[in-house]
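Remarks on the structure that follows.
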Amino acid sequence: MHEPDLGWLRELSEEIERLRRRYASLLHEPPEAEEAPARWTYGGRTLRWHVVVEEAAEPDIDVEILPELLVIRARIEEAEHRLLQAILPVPAGFRADDAHIRCEYGYVEIRLSRVGP
Amino acid sequence: MADFYEILGVPRDAGLDQIKKAYRRKAVQYHPDKNPGDKVAEERFKELSEAYAVLADAEKRREYDAALAGGQPWEAPPGTAGGGGEAWSVEDFLRQFGDIFGSDFGPSFHRGRSAARPGLNAEAALTVDFRTAALGGKVRVALQGEVACAACGGAGARGAAKACPVCRGSGRLTGRSERAGQFFSVTRPCPTCHGTGLAPGEMCTQCHGSGTTVQQRDITVTIPEGTRDGATLRLKGLGEAGHGGGPAGDLLVHVSVKPDPEFRLEGNTIHSDLAVPVTTAVLGGKVPVRTLRSQVMLTIPPGTSSGASLRLKQQGLAGGDHVVHVQVMVPAQLSQRERELWEELARLSH
């Protein structure tokens, strides 16, 4: 069983926070977008994002890949086309273009693999 | 044979939009997560998913309609029922569904490169001394970040810009799937123009189409009075340049305050230590005291002991006080005459 590397987790947390601040100006683009709550966990060399997109059975999910981040947008028809948006930083050492995405009831899960040491 | 139209509650000539809406409305109603332990709802949800998977797929619907009209039995192909839970790999997804232009989210969702896009926030770490933080001041910061390209004025192109033939100027390509109840798309930068939207031959040679270049800038940051250690200052519009005429991002300055050898800060109160000669401590007198802003003469009352606190009103931050902690200095060496006087004093005291 692997012992959690707290130093690495702290670095990862700081890097994610730094990238969040850097890209904060994009959070409300387009202006009608509402921020979707997103939280992350790390384990087994995988960074796992959990984005809450409300109680919608099948929202339209759009994933936009940018160099340092993934933008998840969920259009919810049942709620008069509400647009929820989450900006997920991709820290150095993780691959955005190899993301695994799973849409579940009320949330989207994104898994990013660590490629560095 | 199940009547998928009846299950979804749509007429047999219903269009895809109508089918989609009916499915979504009912799927939310009967989703197992909303009806935990309800077997009837679970079965209903399965029926809905199967009906939708067939009617939303043109080919499957044609086969189904033919079977329905002829009274023939119809068997769903394997994997027809929806239900989610499958993880999509972006690479696999793009390989399977390829790239198309635009998306169902409408023009405001994926805008072309000409659309204004705000610049990113820049960040800087700044260490300032205690007095600058307390009293305010100006500090210069050297920053590296994106500024508008001087060669093309931020346009990204040489002369009249031509659109990239692959993404038709959007700078982005989208892979999209609408199968088995999944509405899902992946957008990535166009690999031909690297997201600029410009035909490769038309790009500005300085910024390669991005409209911005990375440069070092010297910025003077105004530190407000009373800035605390760990504070973040947001300087509007001093971040990285915007794209397509969009506004610049903000500059976030994270301030660290160096400890001062003389002053300590607690809330809005300044604390400092003051060495007082023993004679002044015993007999009283006036002693010069440095405050943040100037020097004042502090009255030491007779009989002041070490550790006594004397308060200078409104000499701290934001109307707070300056508290002086008295340290009485005892002479380490005495002359013959001083020793005689201290000995006499000792005799009188007993």
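Following the order of the structure tokens, chains are lettered A, B, ..., residues in each are numbered from 1, and ligands are numbered from 1.
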Interface rows for chain A against chain B: nearest pair, Å to one decimal, 8 Å, only C-alpha atoms, as JSON lines:
{"residue": "A:Arg21", "atom": "CA", "partner": "B:Asn121", "partner_atom": "CA", "distance": 7.0}
{"residue": "A:Arg22", "atom": "CA", "partner": "B:Asn121", "partner_atom": "CA", "distance": 4.7}
{"residue": "A:Tyr23", "atom": "CA", "partner": "B:Leu120", "partner_atom": "CA", "distance": 5.8}
{"residue": "A:Ala24", "atom": "CA", "partner": "B:Asn121", "partner_atom": "CA", "distance": 7.1}
{"residue": "A:Ser25", "atom": "CA", "partner": "B:Leu120", "partner_atom": "CA", "distance": 6.2}
{"residue": "A:Leu26", "atom": "CA", "partner": "B:Pro118", "partner_atom": "CA", "distance": 7.1}
{"residue": "A:Pro30", "atom": "CA", "partner": "B:Phe109", "partner_atom": "CA", "distance": 7.0}
{"residue": "A:Glu55", "atom": "CA", "partner": "B:Val28", "partner_atom": "CA", "distance": 7.7}
{"residue": "A:Ala56", "atom": "CA", "partner": "B:Val28", "partner_atom": "CA", "distance": 6.3}
{"residue": "A:Ala57", "atom": "CA", "partner": "B:Val28", "partner_atom": "CA", "distance": 5.2}
{"residue": "A:Glu58", "atom": "CA", "partner": "B:Gln182", "partner_atom": "CA", "distance": 6.7}
{"residue": "A:Pro59", "atom": "CA", "partner": "B:Phe183", "partner_atom": "CA", "distance": 7.0}
{"residue": "A:Asp60", "atom": "CA", "partner": "B:Phe183", "partner_atom": "CA", "distance": 4.9}
{"residue": "A:Ile61", "atom": "CA", "partner": "B:Phe184", "partner_atom": "CA", "distance": 4.9}
{"residue": "A:Asp62", "atom": "CA", "partner": "B:Ser185", "partner_atom": "CA", "distance": 4.8}
{"residue": "A:Val63", "atom": "CA", "partner": "B:Val186", "partner_atom": "CA", "distance": 4.7}
{"residue": "A:Glu64", "atom": "CA", "partner": "B:Thr187", "partner_atom": "CA", "distance": 4.5}
{"residue": "A:Ile65", "atom": "CA", "partner": "B:Arg188", "partner_atom": "CA", "distance": 4.9}
{"residue": "A:Leu66", "atom": "CA", "partner": "B:Arg188", "partner_atom": "CA", "distance": 6.8}
{"residue": "A:Arg75", "atom": "CA", "partner": "B:Phe105", "partner_atom": "CA", "distance": 7.6}
{"residue": "A:Glu78", "atom": "CA", "partner": "B:Arg25", "partner_atom": "CA", "distance": 7.0}
{"residue": "A:Asp97", "atom": "CA", "partner": "B:Val90", "partner_atom": "CA", "distance": 6.3}
{"residue": "A:Asp98", "atom": "CA", "partner": "B:Val90", "partner_atom": "CA", "distance": 5.7}
{"residue": "A:Ala99", "atom": "CA", "partner": "B:Val90", "partner_atom": "CA", "distance": 5.7}
{"residue": "A:His100", "atom": "CA", "partner": "B:Ser89", "partner_atom": "CA", "distance": 4.3}
{"residue": "A:Ile101", "atom": "CA", "partner": "B:Trp88", "partner_atom": "CA", "distance": 4.8}
{"residue": "A:Arg102", "atom": "CA", "partner": "B:Ala87", "partner_atom": "CA", "distance": 4.3}
{"residue": "A:Cys103", "atom": "CA", "partner": "B:Gly84", "partner_atom": "CA", "distance": 6.3}
{"residue": "A:Glu104", "atom": "CA", "partner": "B:Gly85", "partner_atom": "CA", "distance": 5.8}
{"residue": "A:Tyr105", "atom": "CA", "partner": "B:Asp33", "partner_atom": "CA", "distance": 7.1}
Next, dump the selected residues to file, keeping only C-alpha atoms, as a short mmCIF file (atom, residue, chain, number, x, y, z; two decimals), in the first residue's frame.
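File written: part_7.cif
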data_model
loop_
_atom_site.label_atom_id
_atom_site.label_comp_id
_atom_site.auth_asym_id
_atom_site.auth_seq_id
_atom_site.Cartn_x
_atom_site.Cartn_y
_atom_site.Cartn_z
CA ARG A 21 -6.21 32.36 -10.03
CA ARG A 22 -4.45 32.74 -13.35
CA TYR A 23 -7.51 31.66 -15.31
CA ALA A 24 -10.10 33.27 -13.04
CA SER A 25 -10.85 35.91 -15.66
CA LEU A 26 -12.19 33.20 -17.99
CA PRO A 30 -19.53 33.70 -21.83
CA GLU A 55 -29.68 16.98 -11.29
CA ALA A 56 -29.90 16.52 -14.99
CA ALA A 57 -30.14 13.10 -16.52
CA GLU A 58 -28.25 13.93 -19.69
CA PRO A 59 -26.88 17.46 -19.91
CA ASP A 60 -25.01 18.45 -23.06
CA ILE A 61 -21.41 18.22 -21.97
CA ASP A 62 -18.66 20.05 -23.79
CA VAL A 63 -15.00 19.61 -22.93
CA GLU A 64 -12.60 22.22 -24.24
CA ILE A 65 -8.91 21.35 -24.12
CA LEU A 66 -6.50 24.26 -23.68
CA ARG A 75 -25.94 23.03 -21.01
CA GLU A 78 -34.56 21.09 -18.50
CA ASP A 97 -5.36 15.34 -24.12
CA ASP A 98 -5.59 11.95 -22.49
CA ALA A 99 -8.42 12.82 -20.13
CA HIS A 100 -11.02 10.19 -19.36
CA ILE A 101 -14.48 11.63 -18.98
CA ARG A 102 -17.50 9.99 -17.43
CA CYS A 103 -20.91 11.60 -17.36
CA GLU A 104 -23.08 10.45 -14.46
CA TYR A 105 -26.33 11.61 -12.99
#
For this session: Would you mind writing down, as a PyMOL selection string, each residue of segment 133-333 of chain B that DSSP on the backbone assigns to alpha helix (DSSP H)?
Result: chain B and resi 133-135+278-283
For this session: Can you pull out every residue within 9 Å of segment 85-88 of chain A, counting only C-alpha atoms, but drop anything in the same chain fewer than 3 positions away, and send it as a PyMOL selection string?
Result: chain A and resi 16+19-20+23-24+26-28+33-38+49+51-53+68-75
Now that the selection is made, can you save its residues with N, CA and C atoms as a PDB file, in the first residue's frame?
ATOM      1  N   ILE A  16      -2.529  23.952  -8.431  1.00  0.00           N
ATOM      2  CA  ILE A  16      -3.926  24.050  -8.881  1.00  0.00           C
ATOM      3  C   ILE A  16      -4.505  25.412  -8.479  1.00  0.00           C
ATOM      4  N   LEU A  19      -3.065  28.112 -10.760  1.00  0.00           N
ATOM      5  CA  LEU A  19      -3.678  28.097 -12.092  1.00  0.00           C
ATOM      6  C   LEU A  19      -5.123  28.589 -12.035  1.00  0.00           C
ATOM      7  N   ARG A  20      -5.810  28.287 -10.965  1.00  0.00           N
ATOM      8  CA  ARG A  20      -7.190  28.776 -10.804  1.00  0.00           C
ATOM      9  C   ARG A  20      -7.207  30.301 -10.806  1.00  0.00           C
ATOM     10  N   TYR A  23      -6.439  31.765 -14.311  1.00  0.00           N
ATOM     11  CA  TYR A  23      -7.507  31.660 -15.311  1.00  0.00           C
ATOM     12  C   TYR A  23      -8.861  32.159 -14.793  1.00  0.00           C
ATOM     13  N   ALA A  24      -8.830  32.824 -13.648  1.00  0.00           N
ATOM     14  CA  ALA A  24     -10.104  33.266 -13.044  1.00  0.00           C
ATOM     15  C   ALA A  24     -10.874  34.191 -13.974  1.00  0.00           C
ATOM     16  N   LEU A  26     -11.430  33.917 -16.960  1.00  0.00           N
ATOM     17  CA  LEU A  26     -12.194  33.197 -17.986  1.00  0.00           C
ATOM     18  C   LEU A  26     -13.458  32.536 -17.409  1.00  0.00           C
ATOM     19  N   LEU A  27     -13.609  32.630 -16.108  1.00  0.00           N
ATOM     20  CA  LEU A  27     -14.702  31.880 -15.477  1.00  0.00           C
ATOM     21  C   LEU A  27     -16.078  32.288 -15.983  1.00  0.00           C
ATOM     22  N   HIS A  28     -16.237  33.549 -16.273  1.00  0.00           N
ATOM     23  CA  HIS A  28     -17.559  33.998 -16.714  1.00  0.00           C
ATOM     24  C   HIS A  28     -17.536  34.395 -18.179  1.00  0.00           C
ATOM     25  N   ALA A  33     -22.535  32.242 -18.186  1.00  0.00           N
ATOM     26  CA  ALA A  33     -22.097  30.985 -17.562  1.00  0.00           C
ATOM     27  C   ALA A  33     -22.080  31.112 -16.039  1.00  0.00           C
ATOM     28  N   GLU A  34     -22.537  30.040 -15.399  1.00  0.00           N
ATOM     29  CA  GLU A  34     -22.481  29.986 -13.937  1.00  0.00           C
ATOM     30  C   GLU A  34     -21.397  28.981 -13.551  1.00  0.00           C
ATOM     31  N   GLU A  35     -20.695  29.278 -12.485  1.00  0.00           N
ATOM     32  CA  GLU A  35     -19.596  28.397 -12.095  1.00  0.00           C
ATOM     33  C   GLU A  35     -20.146  27.102 -11.497  1.00  0.00           C
ATOM     34  N   ALA A  36     -19.706  25.997 -12.052  1.00  0.00           N
ATOM     35  CA  ALA A  36     -20.118  24.694 -11.517  1.00  0.00           C
ATOM     36  C   ALA A  36     -19.119  24.293 -10.431  1.00  0.00           C
ATOM     37  N   PRO A  37     -19.611  23.835  -9.289  1.00  0.00           N
ATOM     38  CA  PRO A  37     -18.673  23.422  -8.242  1.00  0.00           C
ATOM     39  C   PRO A  37     -17.791  22.268  -8.738  1.00  0.00           C
ATOM     40  N   ALA A  38     -16.507  22.353  -8.444  1.00  0.00           N
ATOM     41  CA  ALA A  38     -15.581  21.287  -8.860  1.00  0.00           C
ATOM     42  C   ALA A  38     -14.600  21.024  -7.729  1.00  0.00           C
ATOM     43  N   TRP A  49     -11.080  14.910 -11.144  1.00  0.00           N
ATOM     44  CA  TRP A  49     -11.955  16.062 -10.930  1.00  0.00           C
ATOM     45  C   TRP A  49     -13.402  15.592 -10.895  1.00  0.00           C
ATOM     46  N   VAL A  51     -17.067  17.325 -11.153  1.00  0.00           N
ATOM     47  CA  VAL A  51     -17.766  18.578 -11.466  1.00  0.00           C
ATOM     48  C   VAL A  51     -19.273  18.356 -11.314  1.00  0.00           C
ATOM     49  N   VAL A  52     -19.888  19.123 -10.450  1.00  0.00           N
ATOM     50  CA  VAL A  52     -21.334  18.967 -10.206  1.00  0.00           C
ATOM     51  C   VAL A  52     -22.100  19.789 -11.238  1.00  0.00           C
ATOM     52  N   VAL A  53     -22.967  19.110 -11.991  1.00  0.00           N
ATOM     53  CA  VAL A  53     -23.709  19.795 -13.062  1.00  0.00           C
ATOM     54  C   VAL A  53     -25.215  19.708 -12.845  1.00  0.00           C
ATOM     55  N   GLU A  68      -3.263  24.643 -20.565  1.00  0.00           N
ATOM     56  CA  GLU A  68      -3.095  24.419 -19.133  1.00  0.00           C
ATOM     57  C   GLU A  68      -4.392  24.098 -18.414  1.00  0.00           C
ATOM     58  N   LEU A  69      -5.459  23.931 -19.166  1.00  0.00           N
ATOM     59  CA  LEU A  69      -6.714  23.672 -18.472  1.00  0.00           C
ATOM     60  C   LEU A  69      -7.742  22.976 -19.359  1.00  0.00           C
ATOM     61  N   LEU A  70      -8.700  22.377 -18.688  1.00  0.00           N
ATOM     62  CA  LEU A  70      -9.874  21.814 -19.355  1.00  0.00           C
ATOM     63  C   LEU A  70     -11.057  22.674 -18.932  1.00  0.00           C
ATOM     64  N   VAL A  71     -11.876  23.037 -19.876  1.00  0.00           N
ATOM     65  CA  VAL A  71     -13.084  23.787 -19.538  1.00  0.00           C
ATOM     66  C   VAL A  71     -14.264  22.848 -19.775  1.00  0.00           C
ATOM     67  N   ILE A  72     -15.015  22.612 -18.732  1.00  0.00           N
ATOM     68  CA  ILE A  72     -16.188  21.733 -18.834  1.00  0.00           C
ATOM     69  C   ILE A  72     -17.424  22.630 -18.840  1.00  0.00           C
ATOM     70  N   ARG A  73     -18.236  22.479 -19.862  1.00  0.00           N
ATOM     71  CA  ARG A  73     -19.469  23.263 -19.916  1.00  0.00           C
ATOM     72  C   ARG A  73     -20.646  22.306 -20.048  1.00  0.00           C
ATOM     73  N   ALA A  74     -21.648  22.569 -19.268  1.00  0.00           N
ATOM     74  CA  ALA A  74     -22.844  21.713 -19.302  1.00  0.00           C
ATOM     75  C   ALA A  74     -24.054  22.584 -19.569  1.00  0.00           C
ATOM     76  N   ARG A  75     -24.695  22.330 -20.683  1.00  0.00           N
ATOM     77  CA  ARG A  75     -25.939  23.032 -21.012  1.00  0.00           C
ATOM     78  C   ARG A  75     -27.085  22.138 -20.546  1.00  0.00           C
TER      79      ARG A  75
END
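Closest approach to Pro89 of chain A from the set A:His50, A:Trp8, A:Pro67, A:Gly43 is made by A:Pro67, with distances taken over only C-alpha atoms.
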For this session: Mind checking which residues fall within 7 Å of Gly226 of chain B, counting only C-alpha atoms, ignoring those fewer than 5 positions away in the same chain, and posting them as a ChimeraX atom specification?
Result: /B:133-136,317
For this session: Tell me which of A:Pro91, A:Arg82, A:Glu77, A:Gly7 sits closest to Arg114 of chain A, counting only C-alpha atoms.
Result: A:Pro91
For this session: To one decimal in Å, tell me the separation between atom CA of Ala275 of chain B and atom CA of Arg131 of chain B.
Result: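 Answer for the atom CA of Ala275 of chain B to atom CA of Arg131 of chain B separation: 21.5 Å.
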For this session: Please identify all polymer residues within 10 Å of Tyr64 of chain B, counting only C-alpha atoms, omitting same-chain residues fewer than 3 positions from it, and present them as a list in words.
Result: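 Neighbouring residues, sequence-local ones excluded: Asp3, Phe4, Val54, Leu55, Ala58, Glu59, Lys60, Arg61, Ala67, Leu68, Ala69, Gly70, Gln72, Pro73, Trp74, Glu75 and Ala76 of chain B.
Residues in contact range of Gly285 of chain B, defined as at most 10 Å between only C-alpha atoms, with sequence neighbours fewer than 6 positions away removed, read Val276, Pro277, Thr279, Met297, Leu298, Thr299, Ile300, Pro301 and Pro302 of chain B.
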Exercise. What does the distance between atom CA of Ile270 of chain B and atom CA of Gln327 of chain B come to in Å, to one decimal place?
Worked result: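 Separation of atom CA of Ile270 of chain B and atom CA of Gln327 of chain B: 16.7 Å.
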Problem set entry | DSSP-assigned strand (DSSP E) among chain A, expressed as number ranges by chain | A: 34-35, 38-43, 46-52, 60-66, 69-76, 82-89, 100-104, 107-113
Keeping C-alpha atoms, export the residues of the selection given above as a JSON list (two decimals), in the first residue's frame.
[["chain", "number", "residue", "atom", "x", "y", "z"],
["A", 34, "GLU", "CA", -22.48, 29.99, -13.94],
["A", 35, "GLU", "CA", -19.60, 28.40, -12.10],
["A", 38, "ALA", "CA", -15.58, 21.29, -8.86],
["A", 39, "ARG", "CA", -13.37, 19.43, -6.43],
["A", 40, "TRP", "CA", -10.36, 17.22, -6.93],
["A", 41, "THR", "CA", -8.71, 14.21, -5.39],
["A", 42, "TYR", "CA", -5.40, 12.54, -6.15],
["A", 43, "GLY", "CA", -4.43, 8.92, -5.84],
["A", 46, "THR", "CA", -4.45, 10.00, -11.19],
["A", 47, "LEU", "CA", -5.88, 13.46, -10.64],
["A", 48, "ARG", "CA", -9.64, 13.09, -10.48],
["A", 49, "TRP", "CA", -11.95, 16.06, -10.93],
["A", 50, "HIS", "CA", -15.58, 15.90, -9.90],
["A", 51, "VAL", "CA", -17.77, 18.58, -11.47],
["A", 52, "VAL", "CA", -21.33, 18.97, -10.21],
["A", 60, "ASP", "CA", -25.01, 18.45, -23.06],
["A", 61, "ILE", "CA", -21.41, 18.22, -21.97],
["A", 62, "ASP", "CA", -18.66, 20.05, -23.79],
["A", 63, "VAL", "CA", -15.00, 19.61, -22.93],
["A", 64, "GLU", "CA", -12.60, 22.22, -24.24],
["A", 65, "ILE", "CA", -8.91, 21.35, -24.12],
["A", 66, "LEU", "CA", -6.50, 24.26, -23.68],
["A", 69, "LEU", "CA", -6.71, 23.67, -18.47],
["A", 70, "LEU", "CA", -9.87, 21.81, -19.35],
["A", 71, "VAL", "CA", -13.08, 23.79, -19.54],
["A", 72, "ILE", "CA", -16.19, 21.73, -18.83],
["A", 73, "ARG", "CA", -19.47, 23.26, -19.92],
["A", 74, "ALA", "CA", -22.84, 21.71, -19.30],
["A", 75, "ARG", "CA", -25.94, 23.03, -21.01],
["A", 76, "ILE", "CA", -29.05, 21.89, -19.18],
["A", 82, "ARG", "CA", -28.71, 27.03, -18.06],
["A", 83, "LEU", "CA", -25.00, 26.95, -18.76],
["A", 84, "LEU", "CA", -22.74, 25.63, -16.02],
["A", 85, "GLN", "CA", -19.02, 25.95, -16.42],
["A", 86, "ALA", "CA", -15.99, 24.65, -14.55],
["A", 87, "ILE", "CA", -12.39, 25.52, -15.29],
["A", 88, "LEU", "CA", -10.12, 22.66, -14.34],
["A", 89, "PRO", "CA", -6.41, 23.44, -14.19],
["A", 100, "HIS", "CA", -11.02, 10.19, -19.36],
["A", 101, "ILE", "CA", -14.48, 11.63, -18.98],
["A", 102, "ARG", "CA", -17.50, 9.99, -17.43],
["A", 103, "CYS", "CA", -20.91, 11.60, -17.36],
["A", 104, "GLU", "CA", -23.08, 10.45, -14.46],
["A", 107, "TYR", "CA", -21.91, 15.15, -12.16],
["A", 108, "VAL", "CA", -19.03, 14.73, -14.59],
["A", 109, "GLU", "CA", -15.88, 12.95, -13.60],
["A", 110, "ILE", "CA", -12.58, 13.76, -15.32],
["A", 111, "ARG", "CA", -9.50, 11.66, -14.76],
["A", 112, "LEU", "CA", -6.04, 12.91, -15.73],
["A", 113, "SER", "CA", -2.97, 10.71, -15.63]]
For this session: Compile the contact shell of Val296 of chain B as a list in words: residues with an atom at most 10 Å away, counting only C-alpha atoms, same-chain residues fewer than 3 positions apart removed.
Result: Lys286, Val287, Pro288, Val289, Arg290, Thr291, Arg293, Thr299 and Leu312 of chain B
Could the residues in this selection be saved with C-alpha atoms as a PDB file, in the first residue's frame?
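Here's the written file selection-v4.pdb:
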ATOM      1  CA  LYS B 286      11.043  61.766  29.492  1.00  0.00           C
ATOM      2  CA  VAL B 287      12.559  59.322  27.003  1.00  0.00           C
ATOM      3  CA  PRO B 288      12.624  59.615  23.186  1.00  0.00           C
ATOM      4  CA  VAL B 289      10.586  56.862  21.436  1.00  0.00           C
ATOM      5  CA  ARG B 290      10.579  56.070  17.712  1.00  0.00           C
ATOM      6  CA  THR B 291       7.108  55.506  16.288  1.00  0.00           C
ATOM      7  CA  ARG B 293       5.846  57.954  11.542  1.00  0.00           C
ATOM      8  CA  THR B 299       6.771  60.446  29.817  1.00  0.00           C
ATOM      9  CA  LEU B 312       0.824  56.126  22.718  1.00  0.00           C
TER      10      LEU B 312
END
Exercise. When you draw a straight line from atom CA of Val128 of chain B to atom CA of Ala231 of chain B, how long is it in Å?
Worked result: 11.5 Å
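Nearest-residue note for Glu15 of chain A: choosing from A:Gly44, A:Gly93, A:Pro31, A:Gly106, the minimum distance belongs to A:Gly93, counting only C-alpha atoms.
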